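What follows is final00.cif (mmCIF, C-alpha atoms).
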```
data_protein
loop_
_atom_site.label_atom_id
_atom_site.label_comp_id
_atom_site.auth_asym_id
_atom_site.auth_seq_id
_atom_site.Cartn_x
_atom_site.Cartn_y
_atom_site.Cartn_z
CA MET A 1 -81.41 6.12 103.68
CA ALA A 2 -80.29 3.01 101.92
CA ASN A 3 -76.66 2.19 102.20
CA ILE A 4 -74.83 2.57 98.95
CA LYS A 5 -72.30 -0.21 98.61
CA GLU A 6 -69.02 0.59 97.01
CA SER A 7 -68.66 -1.10 93.64
CA ASN A 8 -65.72 -3.45 93.14
CA VAL A 9 -65.83 -3.09 89.37
CA ASP A 10 -62.58 -1.69 87.98
CA ILE A 11 -63.53 0.83 85.33
CA ARG A 12 -59.98 1.88 84.49
CA PRO A 13 -59.00 1.39 80.81
CA VAL A 14 -56.90 -1.63 80.02
CA LEU A 15 -53.71 -0.35 78.42
CA ASN A 16 -51.74 -2.32 75.90
CA VAL A 17 -49.02 -3.46 78.29
CA ASN A 18 -47.80 -6.07 75.81
CA SER A 19 -46.85 -3.47 73.22
CA SER A 20 -43.13 -3.00 72.56
CA ASN A 21 -43.79 0.62 71.60
CA PRO A 22 -43.30 2.80 74.74
CA PHE A 23 -45.41 5.55 73.16
CA ASP A 24 -48.30 3.16 72.49
CA LEU A 25 -51.12 4.23 74.85
CA SER A 26 -53.75 2.44 72.82
CA PRO A 27 -56.09 -0.08 74.44
CA SER A 28 -55.02 -3.67 74.48
CA PRO A 29 -56.09 -5.91 71.57
CA VAL A 30 -58.78 -7.33 73.84
CA MET A 31 -60.32 -3.90 74.40
CA VAL A 32 -59.88 -3.01 70.74
CA GLY A 33 -61.78 -6.13 69.82
CA ARG A 34 -64.57 -5.23 72.27
CA ASN A 35 -64.99 -1.51 71.81
CA GLU A 36 -63.25 -0.05 68.75
CA SER A 37 -63.55 -2.63 66.00
CA SER A 38 -66.36 -4.53 64.45
CA ALA A 39 -66.81 -8.26 64.81
CA THR A 40 -65.25 -8.83 61.40
CA ASP A 41 -62.06 -6.80 61.93
CA PHE A 42 -58.69 -8.50 62.26
CA ILE A 43 -55.87 -7.56 64.63
CA LEU A 44 -52.41 -7.37 63.07
CA VAL A 45 -49.90 -8.17 65.81
CA GLY A 46 -47.11 -6.50 63.81
CA LEU A 47 -43.51 -7.20 62.92
CA PHE A 48 -41.76 -9.19 65.68
CA PRO A 49 -44.02 -7.85 68.47
CA GLY A 50 -41.73 -9.12 71.23
CA PHE A 51 -38.64 -7.35 69.87
CA GLN A 52 -37.25 -4.87 72.41
CA HIS A 53 -36.12 -2.29 69.84
CA ALA A 54 -39.32 -2.25 67.82
CA ILE A 55 -39.19 1.52 67.17
CA LEU A 56 -35.71 1.21 65.66
CA LEU A 57 -36.78 -1.79 63.57
CA ASN A 58 -39.90 -0.10 62.20
CA SER A 59 -37.99 3.11 61.53
CA MET A 60 -35.42 1.14 59.54
CA ILE A 61 -38.20 -0.53 57.54
CA ILE A 62 -39.68 2.88 56.70
CA PHE A 63 -36.24 4.16 55.63
CA ILE A 64 -35.75 1.10 53.42
CA TYR A 65 -39.22 1.65 51.94
CA ILE A 66 -38.28 5.23 51.00
CA LEU A 67 -35.13 3.92 49.28
CA VAL A 68 -37.19 1.24 47.49
CA PHE A 69 -39.67 3.87 46.32
CA LEU A 70 -37.00 6.26 45.04
CA GLY A 71 -34.82 3.55 43.46
CA ASN A 72 -37.62 1.86 41.54
CA VAL A 73 -39.25 5.13 40.45
CA LEU A 74 -35.85 6.31 39.17
CA LEU A 75 -35.34 3.07 37.24
CA ILE A 76 -38.81 3.31 35.66
CA VAL A 77 -38.21 6.96 34.70
CA LEU A 78 -34.82 6.09 33.15
CA ILE A 79 -36.26 3.24 31.08
CA TRP A 80 -39.32 5.07 29.78
CA GLY A 81 -37.47 8.39 29.34
CA ASP A 82 -34.63 7.05 27.19
CA SER A 83 -35.59 5.74 23.74
CA ARG A 84 -32.49 3.52 23.67
CA LEU A 85 -33.98 1.48 26.52
CA HIS A 86 -37.30 0.83 24.76
CA THR A 87 -36.42 -2.80 24.18
CA PRO A 88 -38.11 -5.96 25.49
CA MET A 89 -35.46 -6.55 28.17
CA TYR A 90 -35.90 -3.09 29.67
CA ILE A 91 -39.68 -3.14 29.27
CA LEU A 92 -39.71 -6.27 31.42
CA LEU A 93 -37.29 -4.68 33.88
CA SER A 94 -39.58 -1.66 34.22
CA GLN A 95 -42.48 -4.00 35.01
CA LEU A 96 -40.38 -5.72 37.68
CA SER A 97 -39.64 -2.33 39.24
CA LEU A 98 -43.33 -1.41 39.10
CA ILE A 99 -44.21 -4.66 40.88
CA ASP A 100 -41.57 -4.12 43.58
CA LEU A 101 -42.71 -0.53 44.10
CA THR A 102 -46.39 -1.50 44.41
CA LEU A 103 -45.67 -4.56 46.55
CA THR A 104 -43.82 -2.65 49.25
CA SER A 105 -46.45 0.10 49.12
CA THR A 106 -49.12 -2.53 49.79
CA ILE A 107 -47.38 -3.67 52.98
CA VAL A 108 -45.18 -1.05 54.63
CA PRO A 109 -47.46 2.04 54.98
CA LYS A 110 -50.18 0.04 56.77
CA MET A 111 -47.60 -1.68 58.98
CA ALA A 112 -46.01 1.66 59.94
CA SER A 113 -49.39 3.30 60.53
CA ASN A 114 -50.50 0.49 62.83
CA PHE A 115 -47.29 0.62 64.84
CA PHE A 116 -46.96 4.37 65.36
CA THR A 117 -50.67 5.03 65.96
CA GLY A 118 -51.13 2.01 68.20
CA ARG A 119 -54.18 0.82 66.24
CA LYS A 120 -53.59 -2.79 65.30
CA THR A 121 -56.88 -3.43 63.52
CA ILE A 122 -57.52 -3.96 59.83
CA SER A 123 -61.01 -4.35 58.42
CA TRP A 124 -62.23 -7.49 56.68
CA VAL A 125 -62.34 -5.61 53.38
CA GLY A 126 -58.91 -4.09 54.02
CA CYS A 127 -57.43 -7.48 54.79
CA GLY A 128 -58.91 -8.99 51.64
CA THR A 129 -57.71 -6.06 49.53
CA GLN A 130 -54.18 -6.28 50.90
CA SER A 131 -54.11 -10.05 50.38
CA PHE A 132 -55.39 -9.65 46.79
CA PHE A 133 -52.76 -7.10 45.76
CA PHE A 134 -49.98 -9.01 47.51
CA LEU A 135 -50.85 -12.25 45.72
CA MET A 136 -51.46 -10.55 42.36
CA LEU A 137 -48.08 -8.82 42.45
CA GLY A 138 -46.30 -11.97 43.63
CA MET A 139 -47.84 -14.15 40.92
CA SER A 140 -47.17 -11.53 38.26
CA GLU A 141 -43.53 -11.28 39.37
CA CYS A 142 -43.11 -15.06 38.96
CA LEU A 143 -44.29 -14.78 35.36
CA ILE A 144 -42.29 -11.61 34.62
CA LEU A 145 -39.06 -13.23 35.85
CA THR A 146 -39.80 -16.22 33.62
CA LEU A 147 -40.30 -13.93 30.62
CA MET A 148 -37.02 -12.19 31.40
CA ALA A 149 -35.24 -15.55 31.28
CA TYR A 150 -36.95 -16.40 27.98
CA ASP A 151 -35.96 -13.00 26.58
CA ARG A 152 -32.29 -13.61 27.45
CA TYR A 153 -32.46 -17.15 26.05
CA VAL A 154 -33.71 -15.92 22.66
CA ALA A 155 -31.23 -13.00 22.64
CA VAL A 156 -28.23 -15.26 23.28
CA CYS A 157 -29.20 -18.48 21.54
CA SER A 158 -31.11 -17.04 18.54
CA PRO A 159 -29.83 -13.48 18.10
CA LEU A 160 -30.82 -13.22 14.42
CA ARG A 161 -34.43 -14.19 15.15
CA TYR A 162 -34.66 -12.14 18.35
CA PRO A 163 -36.27 -8.99 16.83
CA THR A 164 -39.02 -11.16 15.34
CA ILE A 165 -39.67 -13.53 18.23
CA VAL A 166 -39.52 -10.97 21.04
CA SER A 167 -40.60 -7.69 19.45
CA PRO A 168 -41.73 -4.82 21.69
CA ARG A 169 -45.34 -5.48 20.67
CA VAL A 170 -45.11 -9.18 21.52
CA CYS A 171 -43.41 -8.25 24.79
CA LEU A 172 -46.26 -5.92 25.77
CA HIS A 173 -48.79 -8.66 25.02
CA MET A 174 -46.87 -11.09 27.24
CA VAL A 175 -46.67 -8.50 30.02
CA ALA A 176 -50.43 -7.96 29.83
CA ALA A 177 -50.94 -11.74 30.04
CA CYS A 178 -48.77 -11.83 33.19
CA TRP A 179 -50.84 -9.14 34.90
CA ILE A 180 -54.13 -10.76 33.90
CA GLY A 181 -52.97 -14.22 35.01
CA GLY A 182 -51.76 -12.85 38.34
CA SER A 183 -55.05 -11.00 38.89
CA VAL A 184 -57.21 -14.05 38.17
CA GLY A 185 -55.14 -16.37 40.37
CA SER A 186 -55.05 -13.83 43.18
CA PHE A 187 -58.81 -13.27 43.06
CA ILE A 188 -59.47 -17.00 43.47
CA HIS A 189 -56.99 -17.40 46.34
CA THR A 190 -58.27 -14.30 48.12
CA VAL A 191 -62.02 -14.83 47.96
CA TYR A 192 -61.98 -18.50 48.98
CA PRO A 193 -59.89 -18.34 52.22
CA MET A 194 -61.59 -15.09 53.31
CA HIS A 195 -64.80 -17.10 53.77
CA PHE A 196 -63.30 -19.67 56.16
CA PRO A 197 -65.11 -19.50 59.54
CA ILE A 198 -63.08 -18.01 62.40
CA CYS A 199 -64.29 -19.22 65.78
CA GLY A 200 -61.58 -17.94 68.12
CA SER A 201 -59.11 -15.08 68.16
CA ARG A 202 -58.89 -12.81 65.11
CA GLU A 203 -55.26 -11.94 65.87
CA ILE A 204 -53.00 -12.28 62.83
CA HIS A 205 -49.44 -13.04 63.92
CA HIS A 206 -47.97 -11.16 60.98
CA PHE A 207 -47.52 -7.56 59.83
CA PHE A 208 -49.85 -7.91 56.83
CA CYS A 209 -52.66 -10.12 55.55
CA GLU A 210 -51.80 -13.08 53.35
CA VAL A 211 -53.23 -16.54 52.71
CA PRO A 212 -51.05 -18.69 55.06
CA VAL A 213 -51.80 -16.54 58.12
CA LEU A 214 -55.52 -16.41 57.34
CA ILE A 215 -55.59 -20.20 57.09
CA ARG A 216 -54.17 -20.45 60.63
CA LEU A 217 -57.13 -18.55 62.05
CA SER A 218 -59.79 -20.88 60.72
CA CYS A 219 -61.46 -23.38 63.01
CA GLU A 220 -62.35 -25.48 59.97
CA ASP A 221 -60.20 -28.27 58.54
CA THR A 222 -58.23 -26.48 55.81
CA SER A 223 -55.86 -29.31 54.88
CA ALA A 224 -57.59 -29.80 51.50
CA TYR A 225 -57.25 -26.12 50.63
CA GLN A 226 -53.63 -26.07 51.83
CA LEU A 227 -52.99 -28.89 49.38
CA VAL A 228 -54.52 -26.70 46.65
CA VAL A 229 -52.17 -23.88 47.70
CA VAL A 230 -49.19 -26.22 47.43
CA VAL A 231 -50.30 -27.39 43.96
CA THR A 232 -50.81 -23.78 42.85
CA SER A 233 -47.36 -22.96 44.20
CA ILE A 234 -45.89 -25.78 42.12
CA VAL A 235 -47.48 -24.26 39.01
CA LEU A 236 -46.45 -20.68 39.83
CA LEU A 237 -43.11 -21.30 41.54
CA VAL A 238 -41.58 -24.64 40.60
CA VAL A 239 -42.59 -24.60 36.92
CA PRO A 240 -41.30 -21.04 36.30
CA PHE A 241 -38.16 -21.77 38.32
CA SER A 242 -37.57 -24.92 36.25
CA LEU A 243 -38.07 -23.00 33.00
CA ILE A 244 -35.68 -20.30 34.18
CA THR A 245 -33.09 -22.91 35.14
CA ALA A 246 -33.45 -24.64 31.78
CA SER A 247 -33.16 -21.31 29.93
CA TYR A 248 -29.95 -20.35 31.71
CA THR A 249 -28.47 -23.80 31.28
CA LEU A 250 -28.91 -23.42 27.52
CA ILE A 251 -27.59 -19.86 27.71
CA PHE A 252 -24.41 -20.92 29.52
CA LEU A 253 -23.82 -23.70 27.01
CA ALA A 254 -24.20 -21.17 24.19
CA VAL A 255 -21.89 -18.69 25.93
CA LEU A 256 -19.20 -21.33 26.29
CA ARG A 257 -19.24 -21.79 22.52
CA MET A 258 -18.77 -18.07 21.83
CA ASN A 259 -15.49 -17.04 20.25
CA SER A 260 -15.71 -13.41 21.37
CA VAL A 261 -14.47 -12.88 24.91
CA LYS A 262 -16.22 -9.48 25.06
CA GLY A 263 -19.55 -10.99 24.00
CA ARG A 264 -19.15 -13.77 26.52
CA LYS A 265 -18.55 -11.35 29.38
CA LYS A 266 -21.51 -9.18 28.38
CA ALA A 267 -23.86 -12.16 28.21
CA LEU A 268 -22.69 -13.52 31.56
CA ALA A 269 -22.99 -10.10 33.25
CA THR A 270 -26.58 -9.65 32.08
CA CYS A 271 -27.60 -13.19 33.00
CA SER A 272 -25.89 -13.15 36.41
CA SER A 273 -27.93 -10.08 37.42
CA HIS A 274 -31.15 -11.85 36.55
CA LEU A 275 -30.12 -15.05 38.29
CA THR A 276 -29.41 -13.09 41.47
CA ALA A 277 -32.90 -11.56 41.39
CA VAL A 278 -34.45 -14.97 40.69
CA SER A 279 -32.69 -16.55 43.68
CA LEU A 280 -33.74 -13.73 46.03
CA PHE A 281 -37.37 -14.06 44.97
CA PHE A 282 -37.95 -17.79 44.57
CA GLY A 283 -35.96 -19.03 47.57
CA PRO A 284 -38.08 -17.57 50.41
CA ASN A 285 -41.39 -17.96 48.56
CA ILE A 286 -40.86 -21.64 47.83
CA PHE A 287 -40.29 -22.22 51.55
CA ILE A 288 -43.38 -20.23 52.60
CA TYR A 289 -45.92 -21.45 50.06
CA MET A 290 -44.78 -24.97 49.21
CA THR A 291 -44.97 -26.27 52.76
CA PHE A 292 -47.96 -26.58 55.07
CA THR A 293 -48.42 -23.64 57.45
CA SER A 294 -47.93 -25.88 60.49
CA SER A 295 -44.37 -26.73 59.42
CA HIS A 296 -42.97 -23.23 60.03
CA SER A 297 -43.46 -20.62 62.73
CA PRO A 298 -44.92 -17.10 62.36
CA GLU A 299 -41.46 -15.67 63.14
CA GLN A 300 -39.95 -17.59 60.22
CA ASP A 301 -42.70 -16.33 57.91
CA GLN A 302 -42.12 -12.75 59.04
CA ALA A 303 -38.35 -12.92 58.59
CA LEU A 304 -38.67 -14.41 55.10
CA SER A 305 -41.37 -11.90 54.18
CA VAL A 306 -39.14 -8.99 55.19
CA PHE A 307 -36.31 -10.41 53.10
CA SER A 308 -38.44 -11.24 50.05
CA ASN A 309 -40.89 -8.33 50.03
CA ILE A 310 -38.89 -5.42 51.47
CA LEU A 311 -35.15 -6.09 51.10
CA THR A 312 -35.29 -7.70 47.64
CA PRO A 313 -37.16 -4.73 46.06
CA LEU A 314 -34.35 -2.56 47.46
CA LEU A 315 -31.64 -4.72 45.91
CA ASN A 316 -33.21 -5.22 42.46
CA PRO A 317 -32.53 -1.68 41.14
CA LEU A 318 -28.94 -1.97 42.36
CA ILE A 319 -28.48 -5.42 40.83
CA TYR A 320 -29.78 -4.37 37.43
CA SER A 321 -28.35 -0.84 37.24
CA LEU A 322 -24.85 -0.94 38.69
CA ARG A 323 -23.76 -3.73 36.32
CA ASN A 324 -25.63 -2.37 33.30
CA LYS A 325 -23.83 0.16 31.11
CA GLU A 326 -27.01 1.23 29.27
CA VAL A 327 -28.82 2.09 32.51
CA VAL A 328 -25.77 3.92 33.88
CA ALA A 329 -25.50 5.88 30.61
CA ALA A 330 -29.20 6.84 30.84
CA LEU A 331 -28.62 7.98 34.43
CA MET A 332 -25.64 10.12 33.40
CA LYS A 333 -27.73 11.61 30.59
CA LEU A 334 -30.54 12.48 33.02
CA MET A 335 -28.11 14.02 35.49
CA GLY A 336 -26.61 16.06 32.67
CA ARG A 337 -30.03 17.40 31.76
CA CYS A 338 -30.77 18.30 35.36
CA GLY A 339 -27.38 20.03 35.69
CA ALA A 340 -27.87 21.98 32.47
CA SER A 341 -31.28 23.23 33.53
#
```
Output the structure of this file as structure tokens.
Amino acid sequence: MANIKESNVDIRPVLNVNSSNPFDLSPSPVMVGRNESSATDFILVGLFPGFQHAILLNSMIIFIYILVFLGNVLLIVLIWGDSRLHTPMYILLSQLSLIDLTLTSTIVPKMASNFFTGRKTISWVGCGTQSFFFLMLGMSECLILTLMAYDRYVAVCSPLRYPTIVSPRVCLHMVAACWIGGSVGSFIHTVYPMHFPICGSREIHHFFCEVPVLIRLSCEDTSAYQLVVVVTSIVLLVVPFSLITASYTLIFLAVLRMNSVKGRKKALATCSSHLTAVSLFFGPNIFIYMTFTSSHSPEQDQALSVFSNILTPLLNPLIYSLRNKEVVAALMKLMGRCGAS
């Protein structure tokens, strides 16, 4: 009988020993890439993968997402349910809440699902879809914030002409233009980088798909396209930010000339809320998109993304509602209805 030699091949599964999740018994990214995913799938490393308290961090993100969802839905319901708030300023505010709600929903559920199930993969189509919605919502928010500044400028500097210049119908047309512009720009900047060749690892050192992290994976020279991204960022970030700054400079000059102390305080309160939201949005995004990807680390991108795309949507309803008497009155009215029923 022929001697059967003992095989030295180790057939034990390779566990994901690098995972910070102690309940993660999924195969390592290497095995996932070999056995469970197709050749076109990406591997999302996740939010701060080396963080020791990853479960606590992800649980906090989910809790914040729930607050974001409830806060923005409540604000939308208040605005569209109270006829007194059917004005251009509140129509724009409802669109901002809708963007924040959709933006966090584009990112957080997939991130949480990947972490708690241990599956780090995202399909090529899924990655492109997530990137498209993220960019569309971000671009639309830039334009919406600019319209909000223009609305306040007309209201303060030309109050008699305000109902004509910024009527609800005109406002809805401008909102539609913002969504269409964001969709077109996002489509271009999603389709093009998704076709860059990837010769090495398909690991994305982020917790969602977006253009800068996809550029890092390419083995092709992408410096020309990165320059296009910077130019596009100038158009969609610097130009709107400059227009917003110019609008509020004119507003403050007009407020200083007001004789009514009450009117001055009301104008400053409304404008300060918007300026806070503008600073929270434009600051991190200018850093991320107006510099080449090699000039900042993945950890910096992740930290700024958490601040801009998760924490800011949580703060916006608070910023606009707590200092706004009309919104507070609508909330009291809704609570009164609920109590009466």
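The two atoms in question, atom CA of A:Asp301 and atom CA of A:Ile288, are spaced 6.6 Å apart.
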Find the spatial neighbours of A:Leu78, counting all atoms listed in the file, within a cut-off of 9 Å - ignore same-chain residues fewer than 2 positions away - and output them as an MDAnalysis selection string. chainID A and resid 73:76 80:82 85 327 330:331 334
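Evaluating the PyMOL selection byres ((chain A and resi 205) around 9) against the shown model yields Ile43, Leu44, Val45, Gly46, Leu47, Phe48, Pro49, Glu203, Ile204, His206, Phe207, Phe208, Val213, Pro298, Glu299 and Gln302 of chain A.
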Need the shell around A:Cys127: protein/DNA/RNA residues with any atom at most 9 Å away, counting only C-alpha atoms. Skip same-chain ones fewer than 3 positions apart. Format as an MDAnalysis selection string? chainID A and resid 41:42 122:124 130:132 194 208:210
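Distance annotation: of A:Gly71, A:Pro163, A:Gly200, A:Gly182, the residue with the minimal separation from A:Ala39 is A:Gly200; atom set is only C-alpha atoms.
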Mind pulling up the distance from atom CA of A:Pro317 to atom CA of A:Phe116? 28.8 Å
Two-atom distance - atom CA of A:Ile61, atom CA of A:Ser201 (Å): 27.6 Å
Nearby residues (all atoms listed in the file) at most 12 Å from stretch 256-269 of chain A, same-chain spacing under 6 positions excluded, as a list in words: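 Skipping anything fewer than 6 positions along the chain leaves Arg152, Tyr153, Val154, Ala155, Val156, Cys157, Pro159, Tyr248, Thr249, Leu250, Leu275, Thr276, Ile319, Tyr320, Ser321, Leu322, Arg323, Asn324, Lys325 and Glu326 of chain A.
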Around all the atoms of stretch 73-80 of chain A listed in the file, with 3 Å of room on each side, what axis-aligned box do you get, giving centre and edge lengths in Å to one decimal, as lines of an AutoDock Vina configuration file?
```
center_x = -37.1
center_y = 5.0
center_z = 35.1
size_x = 10.5
size_y = 9.9
size_z = 16.7
```
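Using all atoms listed in the file, the contacts of A:His195 at a cut-off of 10 Å, with sequence neighbours closer than 5 positions omitted, comprise Thr190, Leu214 and Ser218 of chain A.
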So what does the PyMOL selection byres ((chain A and resi 101-112) around 7) actually pick up in this one, as a list in words?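 Listing what the PyMOL selection byres ((chain A and resi 101-112) around 7) selects in the shown file: Gly46, Asn58, Tyr65, Val68, Phe69, Asn72, Ser97, Leu98, Ile99, Asp100, Ser113, Asn114, Phe115, Phe116, Gln130, Phe134, Leu137, Phe207, Phe208, Asn309 and Ile310 of chain A.
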I need the residue nearest A:Val230 from this list: A:Leu318, A:Met290, A:Val255, A:Leu243. Use all atoms listed in the file for the distance.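 Among A:Leu318, A:Met290, A:Val255, A:Leu243, it is A:Met290 that comes nearest to A:Val230.
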Determine the nearest neighbour of A:Thr146 from the options A:Ile234, A:Leu160, A:Ile244, A:Val278, counting all atoms listed in the file. A:Ile244
Assuming the chain letters and numbering stay as they are in my file, what does the PyMOL selection byres ((chain A and resi 165-180) around 7) actually select? List them as a VMD selection string. chain A and resid 87 to 88 140 143 to 144 151 161 to 164 181 to 184
